[in-house]
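One structure is given below, encoded as structure tokens.
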Amino acid sequence: MPKNFIAILLALALTSCSVFKPSIPTPKHEFRGVWIATVVNIDWPKSGIDDIEKQKLDYLKILDFYKDLNFNAVIVQIRAAGDAFYPSQYSPWSRFLTGNEGTAPEPYYDPLHWMIQEAHARGMEFHAWLNPYRATFDEKLEILSKDHDYNLHPDWMLKYGKKYYYNPGLPEVQQHLTNIMGEVVANYDVDAVHFDDYFYPYKITDETFEDTETYSKYAQPQQSMEDWRRSNIDSLVKNVHKTIKNIKPWVQFGISPFGVWKNNSTDPRGSDTKAGQTTYEDLYADPLLWMKMGWIDYLVPQVYWSMDLPVASHKKIVDWWSKNSINTNLYIGNGPYKIRNNSDKAWDRKKELPNQLSFARETNNVIGNVFFSAKSLMSNKEDVLKILKKKYYQNIALPPTSPLQKNAFQSESIETQFQEKDGLLHFSIPSIERQNLRYALVYVAKKESKLNLENSDKLVAKIPLPESGNFSFDRSGFKGRKLLALTFINNFGQESRPKIISLN
């Protein structure tokens with residue numbers, strides 16, 4: 001086995017132990033994700049004209065930073081505005097990647113394949129974040145590739161503000177966008193497909209989204225424009241979900257809507273908020289329906305406000321979602337980009353974000369958090385990071401499995417051959433047992449009565465499995481612990497029964 005792989009395993013093990021105890025018990029299953037935004041180079045790459053090696057180094061810095069925080073997922077934007085961060089038959093290469101739209105990386109490589117590999121090597125899920133409806137980001141239409149849909153299908157486009165959008169009411173647009181999602185799932189080892197909050201565009205004063213002609217052609221009799229618009233979004237969500245599951249049933253589909261569904265001033269079922277725009281009424285998105293119909297595996301409302309902000313309290317909104325979520329995993333989107341960078345002075349306090357994490361763990365049905373965006377914590381936030389590392393993220397956590405998927409393992413454990421040699425524990429999985437396995441999990445304890453697999457303190461390593469099925473584990477950091485339990489994670493994120501091993 002390569003020495004550098006053994007070193008990685010040792011690092012994974014040693015960084016997962018800590019002398020600190022949490023003020024709130026760390027759950028074994030908790031989604032810990034971060035959005036890596038590529039549009040206008042928000043997080044990565046820092047510039048489309050950077051050479052490939054610098055781009056790779058910058059991406060790895062993000063992964064390693066969040067790996068050190070024991071995060072278990074990255075949500076990477078691979079379609080920003082009708083473009084692609086991968087070779088696609090439907091979209092040109094993104095200018096945010098290569099500087100010029102339609103130009104491939106030079107020397108050529110597949111950035112998406114590489115990014116997924118590097119995330120998985122660190123035990124992190126890779127969620128492919130695609131913006132379906134935004135076709136352009138500004139009015140610089142001359143820089144668009146000849147292969148951009150603005151040029152190929154101008155009849156699909158509607159201008160609103162300074163941007164062009166795909167017309168959600170056109171059946172051919174819905175099919176085209178569904179094909180794009182299917183292409184990614186078919187060609188890449190992604191763990192999920194992810195949509196953000198951009199459905200119909202956020203409303204602009206004195207501007208009209210000119211889809212009246214499409215409405216007249218395709219709406220049902222007596223169907224209001226508002227309900228018709230929502231039905232267009234519903235159709236895309238339903239079709240994308242079906243496409244994903246038909247290609248790879250284990251790939252999840254997650255959506256991150258704007259945080260307020262409706263204010264209770266317009267609907268008594270809404271939250272006690274005074275949001276200027278809402279998901280249901282302004283963006284024409286109905287996540288409550290998507291959950292009810294089983295079209296999404298997880299939901300991440302963007303609750304970027306402080307705990308007690310009067311017009312939109314983080315606390316009240318999280319509580320509302322916890323009481324209105326069914327059939328899906330619920331994570332909360334947090335906004336660390338506001339820390340010491342917002343007119344709301346609550347964000348000047350170093351404990352604002354930690355307090356939000358505490359509230360999430362205390363709230364029923366909430367099983368994780370996602371941070372916007374990746375660069376937010378990577379400079380001048382050492383005081384906040386110290387709290388996160390000591391109090392919240394000192395242990396490994398596993399991403400929750402989809403509530404829509406039955407356990408493929410049932411009651412099985414994985415047959416594993418084992419020997420101890422030269423200070424390393426060597427494991428081998430027979431080829432017949434190896435199919436669809438992603439990671440090995442190692443738990444340790446001094447004696448069997450202390451080996452509680454639901455206690456995150458006992459989980460010391462999450463090891464990516466090589467194709468050979470052979471892997472090693474350095475036990476030097478765990479002297480005195482004579483009992484080891486080995487389990488495996490499959491491509492659905494599900495865990496096998498443990499194999500208990502007594503050590504000398």
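Every chain in the structure tokens takes a letter, A first, then B, and so on in the order presented; its residues are numbered from 1, and the ligands are numbered from 1 following the presented order.
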
Report as a compact mmCIF listing (two decimals) with C-alpha atoms, in the first residue's frame all protein, DNA and RNA residues lying within 9 Å of region 305-321 of chain A, evaluated on only C-alpha atoms, omitting residues in the same chain fewer than 2 positions from it.
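That gives us part_1.txt:
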# COMPACT_ATOMS: atom_id res chain seq x y z
CA GLY A 259 -36.14 30.71 3.98
CA VAL A 260 -39.69 32.08 4.24
CA TRP A 261 -42.49 30.00 2.68
CA GLY A 270 -47.12 30.94 7.32
CA SER A 271 -44.35 31.95 9.69
CA ASP A 272 -44.39 34.92 12.06
CA THR A 273 -42.22 36.98 9.72
CA LYS A 274 -42.38 40.08 7.56
CA ALA A 275 -40.24 38.96 4.62
CA PRO A 301 -34.19 26.46 3.77
CA GLN A 302 -31.85 29.46 3.61
CA VAL A 303 -32.29 31.01 7.04
CA LYS A 323 -43.10 21.73 12.25
CA ASN A 324 -43.89 21.70 8.54
CA SER A 325 -41.41 19.17 7.16
CA LEU A 330 -34.37 18.89 6.96
CA ILE A 332 -30.75 24.55 7.83
CA ASN A 334 -26.74 29.37 7.67
CA GLY A 335 -25.08 32.61 6.56
CA LYS A 338 -22.64 37.97 7.49
CA ASP A 344 -27.59 43.60 11.73
CA ALA A 346 -26.14 40.58 16.05
CA TRP A 347 -23.61 39.23 13.54
CA GLU A 352 -24.28 34.17 16.74
CA LEU A 353 -23.46 31.27 14.42
CA ASN A 355 -26.03 29.72 18.87
CA GLN A 356 -27.77 28.89 15.60
CA PHE A 359 -30.72 25.73 18.23
CA ALA A 360 -30.62 23.39 15.22
CA THR A 363 -34.97 21.45 17.35
CA ASN A 364 -36.97 18.39 16.31
CA ASN A 365 -36.53 17.20 12.72
CA VAL A 366 -33.46 19.35 12.03

Quick one: residues within 9 Å of Trp156 (chain A), only C-alpha atoms, excluding same-chain residues fewer than 5 positions away - as a compact mmCIF listing (two decimals) with N, CA and C atoms, in the first residue's frame?
# COMPACT_ATOMS: atom_id res chain seq x y z
N ASP A 149 -27.36 28.40 -24.97
CA ASP A 149 -28.78 28.31 -25.35
C ASP A 149 -29.38 29.66 -25.72
N TYR A 150 -28.79 30.75 -25.25
CA TYR A 150 -29.27 32.07 -25.66
C TYR A 150 -29.16 32.23 -27.17
N TYR A 165 -33.52 34.54 -18.59
CA TYR A 165 -33.91 33.32 -17.91
C TYR A 165 -34.56 32.35 -18.89
N TYR A 166 -34.37 31.05 -18.66
CA TYR A 166 -35.14 30.06 -19.38
C TYR A 166 -36.61 30.23 -18.98
N ASN A 167 -37.50 30.14 -19.95
CA ASN A 167 -38.94 30.27 -19.68
C ASN A 167 -39.45 28.97 -19.06
N PRO A 168 -39.77 28.96 -17.76
CA PRO A 168 -40.14 27.71 -17.10
C PRO A 168 -41.42 27.08 -17.63
N LEU A 170 -42.30 26.54 -20.77
CA LEU A 170 -42.17 25.83 -22.04
C LEU A 170 -41.83 24.36 -21.79
N GLU A 172 -40.48 22.24 -23.72
CA GLU A 172 -39.15 21.91 -24.25
C GLU A 172 -38.04 22.39 -23.32
N VAL A 173 -38.27 23.48 -22.58
CA VAL A 173 -37.29 23.93 -21.57
C VAL A 173 -37.24 22.94 -20.42

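Residue nearest Phe195 (chain A), chosen from A:Pro107, A:Pro430, A:Gly161, A:Pro132 and counting only C-alpha atoms: A:Pro132.
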
So which bits of region 209-322 of chain A end up strand (DSSP E or B) when you DSSP the backbone, as JSON, numbers by chain?
{"A": [252, 253, 254, 255, 258, 263, 271, 298, 299, 302]}

How about saving the chosen residues, N, CA and C atoms kept, as a PDB file, in the first residue's frame?
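And here is the file that came out, selection-v2.pdb:
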ATOM      1  N   GLN A 252     -29.173  11.356  -4.308  1.00  0.00           N
ATOM      2  CA  GLN A 252     -30.231  12.132  -3.693  1.00  0.00           C
ATOM      3  C   GLN A 252     -30.531  13.399  -4.500  1.00  0.00           C
ATOM      4  N   PHE A 253     -31.684  13.975  -4.221  1.00  0.00           N
ATOM      5  CA  PHE A 253     -32.094  15.237  -4.837  1.00  0.00           C
ATOM      6  C   PHE A 253     -32.460  16.185  -3.701  1.00  0.00           C
ATOM      7  N   GLY A 254     -31.730  17.292  -3.611  1.00  0.00           N
ATOM      8  CA  GLY A 254     -31.972  18.259  -2.554  1.00  0.00           C
ATOM      9  C   GLY A 254     -32.226  19.648  -3.107  1.00  0.00           C
ATOM     10  N   ILE A 255     -33.038  20.410  -2.398  1.00  0.00           N
ATOM     11  CA  ILE A 255     -33.360  21.771  -2.825  1.00  0.00           C
ATOM     12  C   ILE A 255     -33.218  22.717  -1.636  1.00  0.00           C
ATOM     13  N   PHE A 258     -35.569  29.721  -0.613  1.00  0.00           N
ATOM     14  CA  PHE A 258     -35.567  30.917   0.232  1.00  0.00           C
ATOM     15  C   PHE A 258     -36.245  30.569   1.558  1.00  0.00           C
ATOM     16  N   ASN A 263     -45.440  34.585   4.798  1.00  0.00           N
ATOM     17  CA  ASN A 263     -45.677  35.293   6.056  1.00  0.00           C
ATOM     18  C   ASN A 263     -47.097  34.965   6.544  1.00  0.00           C
ATOM     19  N   SER A 271     -45.176  31.659   8.508  1.00  0.00           N
ATOM     20  CA  SER A 271     -44.353  31.951   9.687  1.00  0.00           C
ATOM     21  C   SER A 271     -44.584  33.372  10.182  1.00  0.00           C
ATOM     22  N   TYR A 298     -33.924  15.818   0.517  1.00  0.00           N
ATOM     23  CA  TYR A 298     -33.621  16.750   1.603  1.00  0.00           C
ATOM     24  C   TYR A 298     -33.983  18.175   1.200  1.00  0.00           C
ATOM     25  N   LEU A 299     -34.198  18.992   2.222  1.00  0.00           N
ATOM     26  CA  LEU A 299     -34.558  20.397   2.055  1.00  0.00           C
ATOM     27  C   LEU A 299     -33.634  21.245   2.923  1.00  0.00           C
ATOM     28  N   GLN A 302     -32.921  28.490   3.368  1.00  0.00           N
ATOM     29  CA  GLN A 302     -31.849  29.455   3.605  1.00  0.00           C
ATOM     30  C   GLN A 302     -32.313  30.440   4.684  1.00  0.00           C
TER      31      GLN A 302
END

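Distances from A:Pro249, A:Gly33, A:Pro400, A:Pro171 to Phe371 (chain A) were compared using only C-alpha atoms, and the smallest one belongs to A:Gly33.
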
DSSP on the backbone: what in region 386-498 of chain A comes out alpha helix (DSSP H), as a PyMOL selection string?
chain A and resi 386-387+431-434

Let me see the file: selected residues, N, CA and C atoms, as a PDB file, in the first residue's frame.
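This went into part_12.pdb:
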ATOM      1  N   LYS A 386     -12.779  28.573  16.571  1.00  0.00           N
ATOM      2  CA  LYS A 386     -12.363  27.923  17.812  1.00  0.00           C
ATOM      3  C   LYS A 386     -13.571  27.331  18.526  1.00  0.00           C
ATOM      4  N   ILE A 387     -14.667  28.068  18.552  1.00  0.00           N
ATOM      5  CA  ILE A 387     -15.889  27.578  19.189  1.00  0.00           C
ATOM      6  C   ILE A 387     -16.445  26.384  18.420  1.00  0.00           C
ATOM      7  N   SER A 431     -13.984  -9.903  -3.061  1.00  0.00           N
ATOM      8  CA  SER A 431     -14.600  -9.166  -4.169  1.00  0.00           C
ATOM      9  C   SER A 431     -16.116  -9.310  -4.174  1.00  0.00           C
ATOM     10  N   ILE A 432     -16.628 -10.456  -3.755  1.00  0.00           N
ATOM     11  CA  ILE A 432     -18.075 -10.655  -3.765  1.00  0.00           C
ATOM     12  C   ILE A 432     -18.787  -9.749  -2.765  1.00  0.00           C
ATOM     13  N   GLU A 433     -18.049  -9.292  -1.732  1.00  0.00           N
ATOM     14  CA  GLU A 433     -18.624  -8.429  -0.700  1.00  0.00           C
ATOM     15  C   GLU A 433     -18.434  -6.947  -1.010  1.00  0.00           C
ATOM     16  N   ARG A 434     -17.640  -6.641  -2.028  1.00  0.00           N
ATOM     17  CA  ARG A 434     -17.122  -5.288  -2.208  1.00  0.00           C
ATOM     18  C   ARG A 434     -18.084  -4.361  -2.957  1.00  0.00           C
TER      19      ARG A 434
END

Residues at most 12 Å from Trp250 (chain A), counting only C-alpha atoms, excluding those fewer than 4 positions away in the same chain, as a compact mmCIF listing (two decimals) with all heavy atoms, in the first residue's frame?
# COMPACT_ATOMS: atom_id res chain seq x y z
N VAL A 185 -25.87 12.96 -13.67
CA VAL A 185 -26.03 11.76 -12.86
C VAL A 185 -25.49 10.53 -13.58
O VAL A 185 -24.83 9.68 -12.97
CB VAL A 185 -27.52 11.56 -12.49
CG1 VAL A 185 -27.72 10.23 -11.76
CG2 VAL A 185 -28.01 12.72 -11.62
N ASP A 189 -19.96 10.34 -10.55
CA ASP A 189 -20.22 9.67 -9.28
C ASP A 189 -20.66 10.67 -8.22
O ASP A 189 -20.05 10.76 -7.14
CB ASP A 189 -18.97 8.91 -8.85
CG ASP A 189 -19.21 7.99 -7.67
OD1 ASP A 189 -20.38 7.64 -7.42
OD2 ASP A 189 -18.23 7.63 -6.99
N VAL A 190 -21.69 11.44 -8.52
CA VAL A 190 -22.18 12.43 -7.56
C VAL A 190 -23.04 11.74 -6.51
O VAL A 190 -23.64 10.68 -6.75
CB VAL A 190 -22.98 13.55 -8.24
CG1 VAL A 190 -22.11 14.32 -9.21
CG2 VAL A 190 -24.21 12.99 -8.96
N ASP A 191 -23.10 12.34 -5.33
CA ASP A 191 -23.95 11.81 -4.26
C ASP A 191 -25.33 12.45 -4.27
O ASP A 191 -26.27 11.89 -3.69
CB ASP A 191 -23.27 12.04 -2.91
CG ASP A 191 -21.95 11.30 -2.81
OD1 ASP A 191 -21.97 10.08 -2.64
OD2 ASP A 191 -20.88 11.96 -2.92
N ALA A 192 -25.44 13.62 -4.90
CA ALA A 192 -26.74 14.30 -4.95
C ALA A 192 -26.72 15.35 -6.05
O ALA A 192 -25.66 15.83 -6.45
CB ALA A 192 -27.06 14.96 -3.60
N VAL A 193 -27.91 15.68 -6.51
CA VAL A 193 -28.14 16.85 -7.36
C VAL A 193 -28.82 17.89 -6.49
O VAL A 193 -29.71 17.57 -5.69
CB VAL A 193 -29.02 16.49 -8.57
CG1 VAL A 193 -29.49 17.75 -9.30
CG2 VAL A 193 -28.26 15.57 -9.52
N HIS A 241 -36.48 14.47 -10.23
CA HIS A 241 -36.43 13.40 -9.22
C HIS A 241 -36.57 12.03 -9.88
O HIS A 241 -35.78 11.10 -9.61
CB HIS A 241 -37.54 13.60 -8.20
CG HIS A 241 -37.70 12.45 -7.24
ND1 HIS A 241 -38.61 11.45 -7.43
CD2 HIS A 241 -37.03 12.14 -6.10
CE1 HIS A 241 -38.50 10.57 -6.44
NE2 HIS A 241 -37.56 10.98 -5.63
N ILE A 244 -33.36 11.14 -11.93
CA ILE A 244 -32.24 10.77 -11.06
C ILE A 244 -32.41 9.34 -10.57
O ILE A 244 -31.48 8.51 -10.67
CB ILE A 244 -32.14 11.74 -9.87
CG1 ILE A 244 -31.71 13.12 -10.32
CG2 ILE A 244 -31.16 11.19 -8.81
CD1 ILE A 244 -31.83 14.18 -9.24
N LYS A 245 -33.57 9.03 -10.02
CA LYS A 245 -33.78 7.72 -9.41
C LYS A 245 -33.80 6.60 -10.44
O LYS A 245 -33.41 5.47 -10.13
CB LYS A 245 -35.08 7.72 -8.60
CG LYS A 245 -35.13 8.76 -7.49
CD LYS A 245 -33.98 8.61 -6.49
CE LYS A 245 -34.07 9.66 -5.39
NZ LYS A 245 -32.98 9.55 -4.41
N ASN A 246 -34.22 6.90 -11.67
CA ASN A 246 -34.19 5.88 -12.72
C ASN A 246 -32.76 5.54 -13.13
O ASN A 246 -32.46 4.40 -13.50
CB ASN A 246 -34.97 6.34 -13.94
CG ASN A 246 -36.47 6.23 -13.75
OD1 ASN A 246 -36.95 5.57 -12.84
ND2 ASN A 246 -37.23 6.90 -14.60
N ASP A 297 -35.18 14.39 -1.45
CA ASP A 297 -34.60 13.64 -0.34
C ASP A 297 -34.26 14.56 0.84
O ASP A 297 -34.25 14.12 1.98
CB ASP A 297 -33.32 12.93 -0.80
CG ASP A 297 -33.60 11.92 -1.89
OD1 ASP A 297 -34.01 10.80 -1.57
OD2 ASP A 297 -33.41 12.26 -3.09
N THR A 401 -29.01 9.32 5.92
CA THR A 401 -29.49 8.63 4.72
C THR A 401 -30.85 9.20 4.32
O THR A 401 -31.54 9.82 5.12
CB THR A 401 -29.63 7.12 4.98
OG1 THR A 401 -30.52 6.92 6.09
CG2 THR A 401 -28.28 6.51 5.31
N SER A 402 -31.23 8.96 3.08
CA SER A 402 -32.51 9.47 2.60
C SER A 402 -33.67 8.73 3.26
O SER A 402 -33.65 7.49 3.34
CB SER A 402 -32.61 9.31 1.08
OG SER A 402 -33.93 9.59 0.64
N PRO A 403 -34.68 9.46 3.71
CA PRO A 403 -35.85 8.80 4.28
C PRO A 403 -36.69 8.07 3.23
O PRO A 403 -37.58 7.30 3.57
CB PRO A 403 -36.64 9.95 4.90
CG PRO A 403 -36.25 11.15 4.10
CD PRO A 403 -34.82 10.93 3.72
N LEU A 404 -36.38 8.31 1.95
CA LEU A 404 -37.14 7.69 0.87
C LEU A 404 -36.59 6.32 0.49
O LEU A 404 -37.18 5.62 -0.33
CB LEU A 404 -37.13 8.59 -0.37
CG LEU A 404 -37.63 10.02 -0.18
CD1 LEU A 404 -37.54 10.78 -1.50
CD2 LEU A 404 -39.05 10.05 0.36
N GLN A 405 -35.45 5.93 1.08
CA GLN A 405 -34.75 4.72 0.64
C GLN A 405 -34.72 3.67 1.75
O GLN A 405 -34.28 3.95 2.86
CB GLN A 405 -33.31 5.06 0.22
CG GLN A 405 -32.52 3.87 -0.28
CD GLN A 405 -33.14 3.24 -1.51
OE1 GLN A 405 -33.53 3.93 -2.44
NE2 GLN A 405 -33.26 1.92 -1.52
N LYS A 406 -35.16 2.45 1.44
CA LYS A 406 -35.07 1.35 2.39
C LYS A 406 -33.61 0.92 2.55
O LYS A 406 -32.79 1.11 1.66
CB LYS A 406 -35.91 0.17 1.91
CG LYS A 406 -37.41 0.43 1.91
CD LYS A 406 -38.18 -0.79 1.46
CE LYS A 406 -39.68 -0.53 1.47
NZ LYS A 406 -40.45 -1.72 1.01
N ASN A 407 -33.32 0.30 3.69
CA ASN A 407 -31.95 -0.12 3.97
C ASN A 407 -31.56 -1.31 3.10
O ASN A 407 -32.15 -2.39 3.21
CB ASN A 407 -31.81 -0.48 5.47
CG ASN A 407 -30.35 -0.63 5.88
OD1 ASN A 407 -29.49 -0.89 5.05
ND2 ASN A 407 -30.08 -0.45 7.15
N ALA A 408 -30.59 -1.11 2.24
CA ALA A 408 -30.15 -2.16 1.34
C ALA A 408 -29.33 -3.24 2.07
O ALA A 408 -29.20 -4.36 1.59
CB ALA A 408 -29.31 -1.56 0.20
N ASN A 436 -20.59 -1.85 -4.32
CA ASN A 436 -21.35 -0.69 -3.80
C ASN A 436 -20.88 -0.19 -2.44
O ASN A 436 -21.55 0.64 -1.83
CB ASN A 436 -22.84 -0.99 -3.73
CG ASN A 436 -23.43 -1.28 -5.10
OD1 ASN A 436 -22.97 -0.73 -6.10
ND2 ASN A 436 -24.43 -2.15 -5.15
N ASN A 490 -22.44 1.93 2.36
CA ASN A 490 -22.66 1.67 0.94
C ASN A 490 -22.98 2.96 0.20
O ASN A 490 -22.95 4.06 0.77
CB ASN A 490 -23.76 0.62 0.74
CG ASN A 490 -25.13 1.10 1.23
OD1 ASN A 490 -25.32 2.26 1.58
ND2 ASN A 490 -26.09 0.19 1.24
N ASN A 491 -23.30 2.85 -1.10
CA ASN A 491 -23.51 4.07 -1.90
C ASN A 491 -24.80 4.79 -1.53
O ASN A 491 -25.00 5.94 -1.94
CB ASN A 491 -23.47 3.76 -3.40
CG ASN A 491 -24.38 2.61 -3.79
OD1 ASN A 491 -25.12 2.07 -2.97
ND2 ASN A 491 -24.30 2.20 -5.05
N PHE A 492 -25.68 4.17 -0.76
CA PHE A 492 -26.86 4.86 -0.23
C PHE A 492 -26.55 5.59 1.08
O PHE A 492 -27.43 6.24 1.64
CB PHE A 492 -27.99 3.87 0.02
CG PHE A 492 -28.63 3.33 -1.24
CD1 PHE A 492 -28.27 2.10 -1.75
CD2 PHE A 492 -29.61 4.06 -1.90
CE1 PHE A 492 -28.86 1.59 -2.91
CE2 PHE A 492 -30.20 3.57 -3.05
CZ PHE A 492 -29.83 2.33 -3.56
N GLY A 493 -25.31 5.46 1.58
CA GLY A 493 -24.95 6.06 2.86
C GLY A 493 -25.37 5.22 4.04
O GLY A 493 -25.29 5.67 5.20
N GLN A 494 -25.81 4.01 3.80
CA GLN A 494 -26.29 3.13 4.87
C GLN A 494 -25.13 2.33 5.46
O GLN A 494 -24.15 2.05 4.79
CB GLN A 494 -27.37 2.20 4.33
CG GLN A 494 -28.57 2.95 3.77
CD GLN A 494 -29.40 2.11 2.82
OE1 GLN A 494 -28.96 1.09 2.31
NE2 GLN A 494 -30.62 2.56 2.55

Nearest candidate to Lys391 (chain A) (options A:Trp129, A:Lys499, A:Pro354, A:Ile414; using only C-alpha atoms):
A:Pro354

Contacts of Asp83 (chain A) within 7 Å, only C-alpha atoms, excl. fewer than 5 positions in-chain, as a list in words:
Ser91, Pro92, Trp93 and Ser94 of chain A

Given the selection you just returned, output its residues as a file containing all heavy atoms, formatted as an mmCIF file, in the first residue's frame.
data_model
loop_
_atom_site.group_PDB
_atom_site.id
_atom_site.type_symbol
_atom_site.label_atom_id
_atom_site.label_comp_id
_atom_site.auth_asym_id
_atom_site.auth_seq_id
_atom_site.Cartn_x
_atom_site.Cartn_y
_atom_site.Cartn_z
ATOM 1 N N SER A 91 -24.347 22.195 -22.777
ATOM 2 C CA SER A 91 -23.937 23.507 -22.278
ATOM 3 C C SER A 91 -22.466 23.750 -22.578
ATOM 4 O O SER A 91 -21.650 22.825 -22.546
ATOM 5 C CB SER A 91 -24.147 23.590 -20.752
ATOM 6 O OG SER A 91 -25.448 23.168 -20.395
ATOM 7 N N PRO A 92 -22.089 25.013 -22.847
ATOM 8 C CA PRO A 92 -20.675 25.332 -23.095
ATOM 9 C C PRO A 92 -19.889 25.385 -21.792
ATOM 10 O O PRO A 92 -20.449 25.567 -20.706
ATOM 11 C CB PRO A 92 -20.750 26.718 -23.742
ATOM 12 C CG PRO A 92 -21.987 27.336 -23.155
ATOM 13 C CD PRO A 92 -22.961 26.204 -22.982
ATOM 14 N N TRP A 93 -18.568 25.256 -21.911
ATOM 15 C CA TRP A 93 -17.695 25.428 -20.749
ATOM 16 C C TRP A 93 -17.910 26.823 -20.138
ATOM 17 O O TRP A 93 -18.080 27.801 -20.855
ATOM 18 C CB TRP A 93 -16.231 25.280 -21.155
ATOM 19 C CG TRP A 93 -15.804 23.870 -21.427
ATOM 20 C CD1 TRP A 93 -15.699 23.262 -22.645
ATOM 21 C CD2 TRP A 93 -15.421 22.888 -20.461
ATOM 22 N NE1 TRP A 93 -15.277 21.967 -22.502
ATOM 23 C CE2 TRP A 93 -15.085 21.707 -21.170
ATOM 24 C CE3 TRP A 93 -15.314 22.891 -19.068
ATOM 25 C CZ2 TRP A 93 -14.665 20.542 -20.530
ATOM 26 C CZ3 TRP A 93 -14.892 21.729 -18.427
ATOM 27 C CH2 TRP A 93 -14.583 20.582 -19.155
ATOM 28 N N SER A 94 -17.860 26.891 -18.818
ATOM 29 C CA SER A 94 -18.104 28.152 -18.128
ATOM 30 C C SER A 94 -16.906 29.093 -18.211
ATOM 31 O O SER A 94 -15.759 28.674 -18.048
ATOM 32 C CB SER A 94 -18.425 27.882 -16.655
ATOM 33 O OG SER A 94 -18.552 29.096 -15.947
#

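Comparing A:Glu30, A:Glu412, A:Asp282, A:Asp110 by their smallest distance to Asp197 (chain A), the closest is A:Asp282 (using only C-alpha atoms).
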
Using only C-alpha atoms, what does the table of region 104-204 of chain A residues within 9 Å of region 227-238 of chain A look like, with each row giving the shortest atom pair and its distance in Å to one decimal, sorted by chain and ascending number, as CSV?
residue,atom,partner,partner_atom,distance
A:Pro168,CA,A:Asn232,CA,6.0
A:Gly169,CA,A:Asn232,CA,5.7
A:Leu170,CA,A:Asn232,CA,8.4
A:Pro171,CA,A:Asn232,CA,8.8
A:Gln174,CA,A:Leu236,CA,5.9
A:Gln175,CA,A:Leu236,CA,8.2
A:Leu177,CA,A:Leu236,CA,7.9
A:Thr178,CA,A:Leu236,CA,7.0
A:Phe199,CA,A:Ile233,CA,7.2
A:Tyr200,CA,A:Arg229,CA,8.1

With N, CA and C atoms retained, could you export that selection as a compact mmCIF listing (two decimals), in the first residue's frame?
# COMPACT_ATOMS: atom_id res chain seq x y z
N PRO A 168 -39.77 28.96 -17.76
CA PRO A 168 -40.14 27.71 -17.10
C PRO A 168 -41.42 27.08 -17.63
N GLY A 169 -42.26 27.87 -18.35
CA GLY A 169 -43.53 27.36 -18.82
C GLY A 169 -43.45 26.56 -20.11
N LEU A 170 -42.30 26.54 -20.77
CA LEU A 170 -42.17 25.83 -22.04
C LEU A 170 -41.83 24.36 -21.79
N PRO A 171 -42.62 23.43 -22.32
CA PRO A 171 -42.32 22.00 -22.13
C PRO A 171 -40.93 21.62 -22.63
N GLN A 174 -38.40 22.50 -19.97
CA GLN A 174 -38.43 21.52 -18.88
C GLN A 174 -37.70 20.24 -19.27
N GLN A 175 -37.89 19.78 -20.49
CA GLN A 175 -37.22 18.57 -20.93
C GLN A 175 -35.72 18.78 -21.05
N LEU A 177 -33.82 20.93 -19.40
CA LEU A 177 -33.21 21.01 -18.07
C LEU A 177 -33.15 19.64 -17.40
N THR A 178 -34.19 18.84 -17.61
CA THR A 178 -34.18 17.49 -17.07
C THR A 178 -33.05 16.67 -17.70
N PHE A 199 -35.78 30.04 -8.72
CA PHE A 199 -36.80 29.44 -9.58
C PHE A 199 -37.30 30.55 -10.51
N TYR A 200 -38.52 31.00 -10.39
CA TYR A 200 -38.85 32.27 -11.03
C TYR A 200 -38.02 33.35 -10.33

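For Leu425 (chain A), the residues within 8 Å (counting only C-alpha atoms, excluding itself and residues fewer than 5 positions away along the chain) are Phe418, Gln419, Glu420, Ser472, Phe473, Asp474 and Arg475 of chain A.
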
Can I get the selected residues back with N, CA, C and O atoms, as a tab-separated table (two decimals), in the first residue's frame?
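Dumped everything to again-v9.tsv:
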chain	number	residue	atom	x	y	z
A	418	PHE	N	-8.65	-10.08	8.28
A	418	PHE	CA	-7.93	-9.12	9.12
A	418	PHE	C	-6.64	-9.72	9.65
A	418	PHE	O	-6.58	-10.90	10.01
A	419	GLN	N	-5.58	-8.90	9.67
A	419	GLN	CA	-4.35	-9.27	10.37
A	419	GLN	C	-3.63	-8.02	10.85
A	419	GLN	O	-3.79	-6.93	10.29
A	420	GLU	N	-2.86	-8.19	11.92
A	420	GLU	CA	-2.09	-7.09	12.48
A	420	GLU	C	-0.62	-7.32	12.18
A	420	GLU	O	-0.08	-8.40	12.45
A	472	SER	N	-5.59	-0.34	5.22
A	472	SER	CA	-4.89	-0.49	6.50
A	472	SER	C	-5.25	0.65	7.42
A	472	SER	O	-5.68	1.73	6.99
A	473	PHE	N	-5.04	0.38	8.71
A	473	PHE	CA	-5.39	1.37	9.73
A	473	PHE	C	-4.33	1.36	10.80
A	473	PHE	O	-3.95	0.31	11.33
A	474	ASP	N	-3.81	2.54	11.14
A	474	ASP	CA	-2.77	2.68	12.15
A	474	ASP	C	-3.43	2.87	13.51
A	474	ASP	O	-4.14	3.84	13.73
A	475	ARG	N	-3.17	1.95	14.43
A	475	ARG	CA	-3.82	2.00	15.74
A	475	ARG	C	-2.97	2.71	16.79
A	475	ARG	O	-3.32	2.73	17.98
